[in-house]
Structure formats: C-alpha cells, structure tokens
$ cat structure05.csv   # CSV, C-alpha atoms
chain,number,residue,atom,x,y,z
L,1,MET,CA,42.0,24.9,56.0
L,2,THR,CA,38.7,26.6,55.1
L,3,THR,CA,38.5,29.0,52.2
L,4,SER,CA,37.4,31.9,54.5
L,5,ARG,CA,40.4,31.5,56.8
L,6,ALA,CA,42.8,31.5,53.8
L,7,LEU,CA,41.3,34.7,52.6
L,8,ALA,CA,41.3,36.3,56.0
L,9,ARG,CA,45.0,35.6,56.4
L,10,ARG,CA,45.8,37.9,53.5
L,11,GLY,CA,44.8,40.8,55.6
L,12,ASP,CA,43.8,42.9,52.6
L,13,GLU,CA,41.1,45.5,53.4
L,14,SER,CA,39.6,45.1,50.0
L,15,ARG,CA,39.1,41.4,50.7
L,16,THR,CA,36.7,42.0,53.6
L,17,ARG,CA,33.5,41.5,51.6
L,18,ILE,CA,34.8,38.4,49.9
L,19,THR,CA,35.8,37.0,53.3
L,20,VAL,CA,32.3,37.6,54.7
L,21,VAL,CA,30.8,35.8,51.6
L,22,ALA,CA,33.4,33.0,52.0
L,23,GLU,CA,32.3,32.5,55.6
L,24,ARG,CA,28.6,32.4,54.6
L,25,LEU,CA,29.4,29.8,52.0
L,26,GLU,CA,31.3,27.8,54.5
L,27,SER,CA,28.3,27.9,56.8
L,28,LEU,CA,26.2,26.6,53.9
L,29,ARG,CA,28.7,23.9,52.9
L,30,PRO,CA,26.6,20.9,54.1
L,31,ARG,CA,23.4,22.2,52.3
L,32,LEU,CA,25.3,23.0,49.1
L,33,ASP,CA,27.1,19.7,49.2
L,34,ALA,CA,23.7,17.9,49.6
L,35,ALA,CA,22.3,19.9,46.7
L,36,LEU,CA,25.3,19.0,44.4
L,37,GLN,CA,24.5,15.3,44.9
L,38,ARG,CA,28.1,14.4,44.2
L,39,ARG,CA,28.0,15.7,40.7
L,40,VAL,CA,30.6,18.4,41.6
L,41,PRO,CA,33.0,18.2,44.5
L,42,ILE,CA,32.0,20.8,47.1
L,43,ASP,CA,35.6,22.2,47.5
L,44,TYR,CA,35.8,22.7,43.8
L,45,PHE,CA,32.3,24.4,43.7
L,46,LEU,CA,33.2,26.8,46.5
L,47,ARG,CA,36.6,27.6,45.0
L,48,VAL,CA,35.0,28.3,41.6
L,49,ALA,CA,32.3,30.5,43.2
L,50,LEU,CA,34.9,32.6,45.0
L,51,ASN,CA,37.1,32.8,41.9
L,52,GLU,CA,34.2,34.2,40.0
L,53,MET,CA,33.6,36.9,42.6
L,54,GLN,CA,37.3,37.9,42.5
L,55,ARG,CA,37.1,37.9,38.6
L,56,ALA,CA,33.9,40.0,38.7
L,57,PRO,CA,34.0,42.2,41.8
L,58,ALA,CA,30.6,43.6,41.0
L,59,LEU,CA,29.2,40.4,42.3
L,60,LEU,CA,30.3,41.4,45.7
L,61,GLN,CA,28.0,44.4,45.6
L,62,CYS,CA,25.0,42.1,45.2
L,63,THR,CA,22.7,41.4,48.0
L,64,ASP,CA,23.6,38.3,50.1
L,65,ALA,CA,20.2,36.8,49.5
L,66,SER,CA,20.5,37.0,45.7
L,67,LEU,CA,24.1,35.8,45.6
L,68,LEU,CA,23.5,32.9,47.8
L,69,LEU,CA,20.2,32.0,46.0
L,70,SER,CA,22.0,32.0,42.7
L,71,LEU,CA,24.8,29.7,44.1
L,72,ALA,CA,22.2,27.4,45.7
L,73,ASN,CA,20.4,27.2,42.3
L,74,CYS,CA,23.8,26.3,40.6
L,75,ALA,CA,24.3,23.6,43.2
L,76,GLN,CA,20.9,22.1,42.6
L,77,LEU,CA,21.6,22.0,38.9
L,78,GLY,CA,25.0,20.6,39.5
L,79,LEU,CA,26.6,23.3,37.5
L,80,PRO,CA,29.6,25.2,38.9
L,81,PRO,CA,29.3,28.9,38.3
L,82,GLU,CA,32.1,28.9,35.7
L,83,GLY,CA,31.4,31.7,33.2
L,84,LEU,CA,34.7,31.0,31.5
L,85,LEU,CA,33.6,27.5,30.6
L,86,GLY,CA,30.1,28.6,29.6
L,87,LEU,CA,28.3,26.4,32.1
L,88,ALA,CA,26.6,29.0,34.3
L,89,TYR,CA,27.1,32.7,34.8
L,90,LEU,CA,26.5,34.8,37.9
L,91,VAL,CA,25.5,38.2,36.6
L,92,PRO,CA,24.9,41.4,38.6
L,93,PHE,CA,21.9,43.5,37.6
L,94,LYS,CA,20.5,46.6,39.2
L,95,ASP,CA,16.8,46.3,40.3
L,96,LYS,CA,14.3,49.1,40.2
L,97,THR,CA,15.5,50.4,43.6
L,98,GLY,CA,19.1,50.5,42.5
L,99,LYS,CA,20.2,47.4,44.5
L,100,SER,CA,22.6,45.0,42.9
L,101,ILE,CA,20.9,41.6,42.4
L,102,CYS,CA,22.8,38.5,41.4
L,103,THR,CA,21.1,36.5,38.7
L,104,LEU,CA,22.0,33.0,37.5
L,105,ILE,CA,22.1,32.6,33.8
L,106,ILE,CA,22.7,29.1,32.4
L,107,GLY,CA,25.1,29.1,29.5
L,108,ALA,CA,24.8,27.1,26.3
L,109,ARG,CA,27.2,24.5,27.5
L,110,GLY,CA,25.3,24.3,30.8
L,111,TYR,CA,22.1,23.5,28.9
L,112,VAL,CA,24.0,20.8,26.9
L,113,GLU,CA,25.3,19.3,30.1
L,114,LEU,CA,21.8,19.2,31.7
L,115,ALA,CA,20.4,17.7,28.6
L,116,ARG,CA,23.1,15.0,28.4
L,117,ARG,CA,22.5,14.1,32.1
L,118,ASN,CA,18.9,13.5,31.1
L,119,HIS,CA,19.8,11.3,28.1
L,120,VAL,CA,19.1,14.0,25.5
L,121,TYR,CA,22.0,14.4,23.1
L,122,VAL,CA,22.2,17.8,21.4
L,123,ARG,CA,24.2,18.8,18.3
L,124,ALA,CA,24.3,22.1,16.5
L,125,ALA,CA,25.8,23.0,13.1
L,126,LEU,CA,26.0,25.7,10.5
L,127,VAL,CA,25.0,25.3,6.8
L,128,TYR,CA,27.1,27.1,4.2
L,129,LYS,CA,26.5,28.1,0.6
L,130,GLY,CA,27.3,25.1,-1.5
L,131,ASP,CA,26.2,22.5,1.1
L,132,VAL,CA,23.4,20.1,0.3
L,133,PHE,CA,20.7,20.9,2.9
L,134,GLU,CA,17.2,19.5,2.8
L,135,VAL,CA,14.5,19.9,5.4
L,136,VAL,CA,11.4,17.6,5.3
L,137,GLU,CA,8.4,18.5,7.3
L,138,GLY,CA,5.1,16.6,7.7
L,139,THR,CA,4.4,13.2,9.3
L,140,THR,CA,7.9,12.0,8.8
L,141,PRO,CA,10.1,15.0,9.4
L,142,GLY,CA,13.8,14.8,8.6
L,143,LEU,CA,17.0,16.7,7.9
L,144,VAL,CA,19.8,16.0,5.5
L,145,HIS,CA,23.0,18.0,5.6
L,146,ARG,CA,26.0,17.2,3.4
L,147,PRO,CA,28.7,19.8,3.9
L,148,ASP,CA,30.8,20.8,0.9
L,149,LEU,CA,34.1,19.7,2.4
L,150,ALA,CA,36.1,21.3,-0.5
L,151,MET,CA,34.9,24.8,0.5
L,152,GLU,CA,37.0,27.0,2.8
L,153,ARG,CA,35.1,27.8,6.1
L,154,ASP,CA,35.9,30.6,8.5
L,155,ASP,CA,34.3,29.8,11.9
L,156,THR,CA,35.1,33.4,13.1
L,157,THR,CA,32.6,35.0,10.7
L,158,SER,CA,29.1,34.3,9.5
L,159,GLU,CA,30.1,34.9,5.9
L,160,GLY,CA,28.6,32.2,3.7
L,161,VAL,CA,26.3,30.8,6.4
L,162,THR,CA,22.8,30.2,5.2
L,163,HIS,CA,21.2,28.3,8.1
L,164,ALA,CA,21.9,27.0,11.5
L,165,TYR,CA,20.3,24.0,13.0
L,166,ALA,CA,20.2,21.9,16.2
L,167,THR,CA,19.3,18.2,16.5
L,168,ALA,CA,18.3,16.3,19.6
L,169,LEU,CA,18.3,12.6,20.2
L,170,PHE,CA,16.2,11.4,23.2
L,171,LYS,CA,17.4,8.2,24.7
L,172,PRO,CA,16.3,5.5,25.4
L,173,ASP,CA,13.5,5.8,22.9
L,174,ASP,CA,15.7,7.0,20.1
L,175,LEU,CA,13.3,9.8,19.3
L,176,THR,CA,14.8,12.7,17.4
L,177,ASP,CA,13.8,16.4,16.9
L,178,PHE,CA,15.4,19.3,15.1
L,179,GLU,CA,15.1,23.0,14.7
L,180,VAL,CA,16.3,25.0,11.7
L,181,MET,CA,16.8,28.8,11.5
L,182,THR,CA,17.9,31.1,8.7
L,183,THR,CA,20.8,33.5,9.4
L,184,LYS,CA,18.2,36.3,9.7
L,185,GLN,CA,16.3,34.4,12.4
L,186,VAL,CA,19.5,33.8,14.3
L,187,GLU,CA,20.5,37.4,14.2
$ encode --input "structure05.csv" --output "structure tokens"
Amino acid sequence: MTTSRALARRGDESRTRITVVAERLESLRPRLDAALQRRVPIDYFLRVALNEMQRAPALLQCTDASLLLSLANCAQLGLPPEGLLGLAYLVPFKDKTGKSICTLIIGARGYVELARRNHVYVRAALVYKGDVFEVVEGTTPGLVHRPDLAMERDDTTSEGVTHAYATALFKPDDLTDFEVMTTKQVE
C-alpha cells in the first residue's frame, strides 16, 4: 500500500496537506529512487520524509517547490532527512515576501557520512587543561594530543576545554590534514 493511501484512510481533516504531499512524493518515487542510487531504500526515505513533516508541521506550510527540491537534494546526496540523527534537516524559513520556504541543511553527521563515502575519514576531539597538546606548523605540520586520562571530564559542559580540533585522513593517498581552534574561536 502506498504511503498516501494509508494517510488518506485516516480521514483526519488536518492530514489533508500531508496527504497531498505524500501523493506528490509517490509520483516522484521513480526519480527519487534513481537519485538515491541504492544508498537508501526508497520506502525508508519516503517514510522518514513524511515523519519529519508530521514532527515539524511548519514544513507543510512551505511551498511545494521548495519542499520537493529539498527532498530531491537529500536524495541526490543519499541522506535521508533525519533531523533526529543529525544527517540532514528540513528547515522552514520565511522569505522576503512572507512565504515559507523549505531549506535543506546538512548536519554534522551528514557531512561525516558524505566524507566517509568519499574515502575521507574525519575525527574531532576536545583538548582539556592538563592534556599534552602540541601543534606543529610549517613544511611538516603535525598534531600531538595526549589526554590526561586521570582528569575527570564532563562532556555536558565546556569547562576545562582549551581547544577543539578535527583531523582528516584522505584515502587512498594517506594524506592528512587538521584544523585547531581555541574555545573563543569555537564560540
């Protein structure tokens, strides 16, 4: 049974808009499936998209064109619009004329997933007071971080954090890169 028929059977007047959107998505099923390139099952992708609209009803106020374009972009990237998992977010914004426009925002986990698919492995970490932390710039840049494992760390607060950094390993060449920021730069 298609998703739109299941929603239509509920008979709830407030579901009218989501039923229309579900029918539009069903009509685009072959195109979305082709764009997904088997990275995500189409049934799962459509179910997640409709769940996001039920979770955030403001998305249903967005123009059809912006909502469908955002979903098509998600499909091309192979990222289901799962805001709860941090992969990709569908966010309604008002434009200058007051219309609601759906905008795709790729989440941090979505960027990591895209990087991983392209053989780039990313890691991020925090440096705390008491850790050994050395950054070497120049022709042979490098990074050394030896955490003080005896120190209590509270991941729910930035207390004691001095720096944050991310590293990337580019395969198959085994090239590496890193970026370091102070807590002030992060904030």
$ residues_around --input "structure05.csv" --residues "Asp131 (chain L)" --least-positions-apart "6" --cutoff "8 Å" --atoms "all atoms listed in the file" --output "PyMOL selection string"
chain L and resi 145-148
$ atom_distance --input "structure05.csv" --atom1 "CA of His119 (chain L)" --atom2 "CA of Asp177 (chain L)"
13.7 Å
$ residues_around --input "structure05.csv" --residues "Asp33 (chain L)" --least-positions-apart "2" --cutoff "12 Å" --atoms "only C-alpha atoms" --output "PDB file with C-alpha atoms, in the frame of the given file"
ATOM      1  CA  LEU L  25      29.400  29.800  52.000  1.00  0.00           C
ATOM      2  CA  GLU L  26      31.300  27.800  54.500  1.00  0.00           C
ATOM      3  CA  SER L  27      28.300  27.900  56.800  1.00  0.00           C
ATOM      4  CA  LEU L  28      26.200  26.600  53.900  1.00  0.00           C
ATOM      5  CA  ARG L  29      28.700  23.900  52.900  1.00  0.00           C
ATOM      6  CA  PRO L  30      26.600  20.900  54.100  1.00  0.00           C
ATOM      7  CA  ARG L  31      23.400  22.200  52.300  1.00  0.00           C
ATOM      8  CA  ALA L  35      22.300  19.900  46.700  1.00  0.00           C
ATOM      9  CA  LEU L  36      25.300  19.000  44.400  1.00  0.00           C
ATOM     10  CA  GLN L  37      24.500  15.300  44.900  1.00  0.00           C
ATOM     11  CA  ARG L  38      28.100  14.400  44.200  1.00  0.00           C
ATOM     12  CA  ARG L  39      28.000  15.700  40.700  1.00  0.00           C
ATOM     13  CA  VAL L  40      30.600  18.400  41.600  1.00  0.00           C
ATOM     14  CA  PRO L  41      33.000  18.200  44.500  1.00  0.00           C
ATOM     15  CA  ILE L  42      32.000  20.800  47.100  1.00  0.00           C
ATOM     16  CA  ASP L  43      35.600  22.200  47.500  1.00  0.00           C
ATOM     17  CA  TYR L  44      35.800  22.700  43.800  1.00  0.00           C
ATOM     18  CA  PHE L  45      32.300  24.400  43.700  1.00  0.00           C
ATOM     19  CA  LEU L  46      33.200  26.800  46.500  1.00  0.00           C
ATOM     20  CA  LEU L  71      24.800  29.700  44.100  1.00  0.00           C
ATOM     21  CA  ALA L  72      22.200  27.400  45.700  1.00  0.00           C
ATOM     22  CA  CYS L  74      23.800  26.300  40.600  1.00  0.00           C
ATOM     23  CA  ALA L  75      24.300  23.600  43.200  1.00  0.00           C
ATOM     24  CA  GLN L  76      20.900  22.100  42.600  1.00  0.00           C
ATOM     25  CA  LEU L  77      21.600  22.000  38.900  1.00  0.00           C
ATOM     26  CA  GLY L  78      25.000  20.600  39.500  1.00  0.00           C
ATOM     27  CA  PRO L  80      29.600  25.200  38.900  1.00  0.00           C
TER      28      PRO L  80
END
$ atom_distance --input "structure05.csv" --atom1 "CA of Val48 (chain L)" --atom2 "CA of Pro81 (chain L)"
6.6 Å
$ atom_distance --input "structure05.csv" --atom1 "CA of Phe133 (chain L)" --atom2 "CA of Thr182 (chain L)"
12.1 Å
$ residues_near_point --input "structure05.csv" --point "(28.9, 40.7, 50.0)" --cutoff "12 Å" --atoms "only C-alpha atoms" --output "ChimeraX atom specification"
/L:14-25,50,53-54,57-68,100-102
$ write_last_selection --input "structure05.csv" --atoms "C-alpha atoms" --output "short mmCIF file (atom, residue, chain, number, x, y, z; two decimals), in the coordinates of the input"
data_model
loop_
_atom_site.label_atom_id
_atom_site.label_comp_id
_atom_site.auth_asym_id
_atom_site.auth_seq_id
_atom_site.Cartn_x
_atom_site.Cartn_y
_atom_site.Cartn_z
CA SER L 14 39.60 45.10 50.00
CA ARG L 15 39.10 41.40 50.70
CA THR L 16 36.70 42.00 53.60
CA ARG L 17 33.50 41.50 51.60
CA ILE L 18 34.80 38.40 49.90
CA THR L 19 35.80 37.00 53.30
CA VAL L 20 32.30 37.60 54.70
CA VAL L 21 30.80 35.80 51.60
CA ALA L 22 33.40 33.00 52.00
CA GLU L 23 32.30 32.50 55.60
CA ARG L 24 28.60 32.40 54.60
CA LEU L 25 29.40 29.80 52.00
CA LEU L 50 34.90 32.60 45.00
CA MET L 53 33.60 36.90 42.60
CA GLN L 54 37.30 37.90 42.50
CA PRO L 57 34.00 42.20 41.80
CA ALA L 58 30.60 43.60 41.00
CA LEU L 59 29.20 40.40 42.30
CA LEU L 60 30.30 41.40 45.70
CA GLN L 61 28.00 44.40 45.60
CA CYS L 62 25.00 42.10 45.20
CA THR L 63 22.70 41.40 48.00
CA ASP L 64 23.60 38.30 50.10
CA ALA L 65 20.20 36.80 49.50
CA SER L 66 20.50 37.00 45.70
CA LEU L 67 24.10 35.80 45.60
CA LEU L 68 23.50 32.90 47.80
CA SER L 100 22.60 45.00 42.90
CA ILE L 101 20.90 41.60 42.40
CA CYS L 102 22.80 38.50 41.40
#
$ residues_around --input "structure05.csv" --residues "Val161 (chain L)" --least-positions-apart "4" --cutoff "9 Å" --atoms "all atoms listed in the file" --output "PyMOL selection string"
chain L and resi 126-129+157+182-183
$ residues_around --input "structure05.csv" --residues "Ile106 (chain L)" --least-positions-apart "6" --cutoff "7 Å" --atoms "all atoms listed in the file" --output "ChimeraX atom specification"
/L:87-89
$ write_last_selection --input "structure05.csv" --atoms "C-alpha atoms" --output "mmCIF file, keeping the file's coordinate frame"
data_model
loop_
_atom_site.group_PDB
_atom_site.id
_atom_site.type_symbol
_atom_site.label_atom_id
_atom_site.label_comp_id
_atom_site.auth_asym_id
_atom_site.auth_seq_id
_atom_site.Cartn_x
_atom_site.Cartn_y
_atom_site.Cartn_z
ATOM 1 C CA LEU L 87 28.300 26.400 32.100
ATOM 2 C CA ALA L 88 26.600 29.000 34.300
ATOM 3 C CA TYR L 89 27.100 32.700 34.800
#
$ residues_around --input "structure05.csv" --residues "region 120-124 of chain L" --least-positions-apart "6" --cutoff "7 Å" --atoms "all atoms listed in the file" --output "short mmCIF file (atom, residue, chain, number, x, y, z; two decimals) with C-alpha atoms, in the coordinates of the input"
data_model
loop_
_atom_site.label_atom_id
_atom_site.label_comp_id
_atom_site.auth_asym_id
_atom_site.auth_seq_id
_atom_site.Cartn_x
_atom_site.Cartn_y
_atom_site.Cartn_z
CA VAL L 112 24.00 20.80 26.90
CA TYR L 165 20.30 24.00 13.00
CA ALA L 166 20.20 21.90 16.20
CA THR L 167 19.30 18.20 16.50
CA ALA L 168 18.30 16.30 19.60
CA LEU L 169 18.30 12.60 20.20
CA PHE L 170 16.20 11.40 23.20
CA LYS L 171 17.40 8.20 24.70
#
$ residues_near_point --input "structure05.csv" --point "(27.1, 37.1, 37.8)" --cutoff "8 Å" --atoms "only C-alpha atoms" --output "list in words"
Glu52, Ala56, Leu59, Tyr89, Leu90, Val91, Pro92, Cys102, Thr103, Leu104 and Ile105 of chain L
$ write_last_selection --input "structure05.csv" --atoms "C-alpha atoms" --output "short mmCIF file (atom, residue, chain, number, x, y, z; two decimals), in the coordinates of the input"
data_model
loop_
_atom_site.label_atom_id
_atom_site.label_comp_id
_atom_site.auth_asym_id
_atom_site.auth_seq_id
_atom_site.Cartn_x
_atom_site.Cartn_y
_atom_site.Cartn_z
CA GLU L 52 34.20 34.20 40.00
CA ALA L 56 33.90 40.00 38.70
CA LEU L 59 29.20 40.40 42.30
CA TYR L 89 27.10 32.70 34.80
CA LEU L 90 26.50 34.80 37.90
CA VAL L 91 25.50 38.20 36.60
CA PRO L 92 24.90 41.40 38.60
CA CYS L 102 22.80 38.50 41.40
CA THR L 103 21.10 36.50 38.70
CA LEU L 104 22.00 33.00 37.50
CA ILE L 105 22.10 32.60 33.80
#
$ decode --input "structure05.csv" --residues "region 138-149 of chain L" --atoms "all heavy atoms" --output "PDB file, in the first residue's frame"
ATOM      1  N   GLY L 138      54.242  24.568   9.472  1.00  0.00           N
ATOM      2  CA  GLY L 138      55.423  24.607   8.612  1.00  0.00           C
ATOM      3  C   GLY L 138      55.337  23.581   7.507  1.00  0.00           C
ATOM      4  O   GLY L 138      54.258  23.174   7.089  1.00  0.00           O
ATOM      5  N   THR L 139      56.512  23.145   7.032  1.00  0.00           N
ATOM      6  CA  THR L 139      56.542  22.225   5.897  1.00  0.00           C
ATOM      7  C   THR L 139      56.152  20.800   6.283  1.00  0.00           C
ATOM      8  O   THR L 139      55.766  20.017   5.424  1.00  0.00           O
ATOM      9  CB  THR L 139      57.942  22.203   5.251  1.00  0.00           C
ATOM     10  OG1 THR L 139      58.891  21.830   6.246  1.00  0.00           O
ATOM     11  CG2 THR L 139      58.283  23.551   4.651  1.00  0.00           C
ATOM     12  N   THR L 140      56.244  20.477   7.566  1.00  0.00           N
ATOM     13  CA  THR L 140      55.831  19.161   8.047  1.00  0.00           C
ATOM     14  C   THR L 140      54.868  19.355   9.221  1.00  0.00           C
ATOM     15  O   THR L 140      55.236  19.146  10.378  1.00  0.00           O
ATOM     16  CB  THR L 140      57.048  18.324   8.495  1.00  0.00           C
ATOM     17  OG1 THR L 140      58.086  18.437   7.534  1.00  0.00           O
ATOM     18  CG2 THR L 140      56.685  16.865   8.660  1.00  0.00           C
ATOM     19  N   PRO L 141      53.635  19.785   8.925  1.00  0.00           N
ATOM     20  CA  PRO L 141      52.696  20.062  10.013  1.00  0.00           C
ATOM     21  C   PRO L 141      52.307  18.783  10.751  1.00  0.00           C
ATOM     22  O   PRO L 141      52.338  17.687  10.187  1.00  0.00           O
ATOM     23  CB  PRO L 141      51.495  20.670   9.304  1.00  0.00           C
ATOM     24  CG  PRO L 141      51.617  20.290   7.879  1.00  0.00           C
ATOM     25  CD  PRO L 141      53.067  20.021   7.617  1.00  0.00           C
ATOM     26  N   GLY L 142      51.984  18.943  12.009  1.00  0.00           N
ATOM     27  CA  GLY L 142      51.599  17.792  12.808  1.00  0.00           C
ATOM     28  C   GLY L 142      50.822  18.202  14.044  1.00  0.00           C
ATOM     29  O   GLY L 142      50.741  19.384  14.400  1.00  0.00           O
ATOM     30  N   LEU L 143      50.285  17.217  14.697  1.00  0.00           N
ATOM     31  CA  LEU L 143      49.453  17.444  15.866  1.00  0.00           C
ATOM     32  C   LEU L 143      49.688  16.298  16.831  1.00  0.00           C
ATOM     33  O   LEU L 143      49.696  15.126  16.419  1.00  0.00           O
ATOM     34  CB  LEU L 143      47.987  17.467  15.411  1.00  0.00           C
ATOM     35  CG  LEU L 143      46.913  17.676  16.429  1.00  0.00           C
ATOM     36  CD1 LEU L 143      46.863  19.157  16.809  1.00  0.00           C
ATOM     37  CD2 LEU L 143      45.568  17.285  15.825  1.00  0.00           C
ATOM     38  N   VAL L 144      49.925  16.623  18.107  1.00  0.00           N
ATOM     39  CA  VAL L 144      50.082  15.603  19.149  1.00  0.00           C
ATOM     40  C   VAL L 144      49.104  15.942  20.256  1.00  0.00           C
ATOM     41  O   VAL L 144      49.074  17.070  20.757  1.00  0.00           O
ATOM     42  CB  VAL L 144      51.523  15.581  19.714  1.00  0.00           C
ATOM     43  CG1 VAL L 144      51.628  14.617  20.891  1.00  0.00           C
ATOM     44  CG2 VAL L 144      52.515  15.230  18.626  1.00  0.00           C
ATOM     45  N   HIS L 145      48.277  14.969  20.635  1.00  0.00           N
ATOM     46  CA  HIS L 145      47.337  15.159  21.738  1.00  0.00           C
ATOM     47  C   HIS L 145      47.392  13.921  22.623  1.00  0.00           C
ATOM     48  O   HIS L 145      47.054  12.823  22.187  1.00  0.00           O
ATOM     49  CB  HIS L 145      45.910  15.369  21.215  1.00  0.00           C
ATOM     50  CG  HIS L 145      44.917  15.555  22.310  1.00  0.00           C
ATOM     51  ND1 HIS L 145      43.581  15.301  22.131  1.00  0.00           N
ATOM     52  CD2 HIS L 145      45.046  15.972  23.597  1.00  0.00           C
ATOM     53  CE1 HIS L 145      42.929  15.553  23.256  1.00  0.00           C
ATOM     54  NE2 HIS L 145      43.810  15.958  24.156  1.00  0.00           N
ATOM     55  N   ARG L 146      47.850  14.139  23.852  1.00  0.00           N
ATOM     56  CA  ARG L 146      47.879  13.071  24.846  1.00  0.00           C
ATOM     57  C   ARG L 146      46.955  13.483  25.991  1.00  0.00           C
ATOM     58  O   ARG L 146      47.342  14.287  26.849  1.00  0.00           O
ATOM     59  CB  ARG L 146      49.304  12.851  25.363  1.00  0.00           C
ATOM     60  CG  ARG L 146      50.223  12.223  24.357  1.00  0.00           C
ATOM     61  CD  ARG L 146      51.567  11.834  24.974  1.00  0.00           C
ATOM     62  NE  ARG L 146      52.523  11.571  23.929  1.00  0.00           N
ATOM     63  CZ  ARG L 146      53.382  12.469  23.437  1.00  0.00           C
ATOM     64  NH1 ARG L 146      53.428  13.684  23.933  1.00  0.00           N
ATOM     65  NH2 ARG L 146      54.213  12.130  22.468  1.00  0.00           N
ATOM     66  N   PRO L 147      45.746  12.941  26.008  1.00  0.00           N
ATOM     67  CA  PRO L 147      44.801  13.324  27.070  1.00  0.00           C
ATOM     68  C   PRO L 147      45.284  12.887  28.444  1.00  0.00           C
ATOM     69  O   PRO L 147      45.907  11.828  28.582  1.00  0.00           O
ATOM     70  CB  PRO L 147      43.518  12.574  26.703  1.00  0.00           C
ATOM     71  CG  PRO L 147      43.684  12.153  25.291  1.00  0.00           C
ATOM     72  CD  PRO L 147      45.153  12.029  25.040  1.00  0.00           C
ATOM     73  N   ASP L 148      45.016  13.712  29.446  1.00  0.00           N
ATOM     74  CA  ASP L 148      45.284  13.366  30.833  1.00  0.00           C
ATOM     75  C   ASP L 148      44.118  12.492  31.289  1.00  0.00           C
ATOM     76  O   ASP L 148      43.067  12.989  31.671  1.00  0.00           O
ATOM     77  CB  ASP L 148      45.386  14.634  31.685  1.00  0.00           C
ATOM     78  CG  ASP L 148      45.669  14.339  33.139  1.00  0.00           C
ATOM     79  OD1 ASP L 148      45.751  13.147  33.511  1.00  0.00           O
ATOM     80  OD2 ASP L 148      45.795  15.309  33.921  1.00  0.00           O
ATOM     81  N   LEU L 149      44.295  11.184  31.206  1.00  0.00           N
ATOM     82  CA  LEU L 149      43.204  10.253  31.486  1.00  0.00           C
ATOM     83  C   LEU L 149      42.811  10.211  32.959  1.00  0.00           C
ATOM     84  O   LEU L 149      41.743   9.703  33.301  1.00  0.00           O
ATOM     85  CB  LEU L 149      43.572   8.857  30.985  1.00  0.00           C
ATOM     86  CG  LEU L 149      43.828   8.770  29.475  1.00  0.00           C
ATOM     87  CD1 LEU L 149      44.269   7.359  29.091  1.00  0.00           C
ATOM     88  CD2 LEU L 149      42.603   9.194  28.686  1.00  0.00           C
TER      89      LEU L 149
END
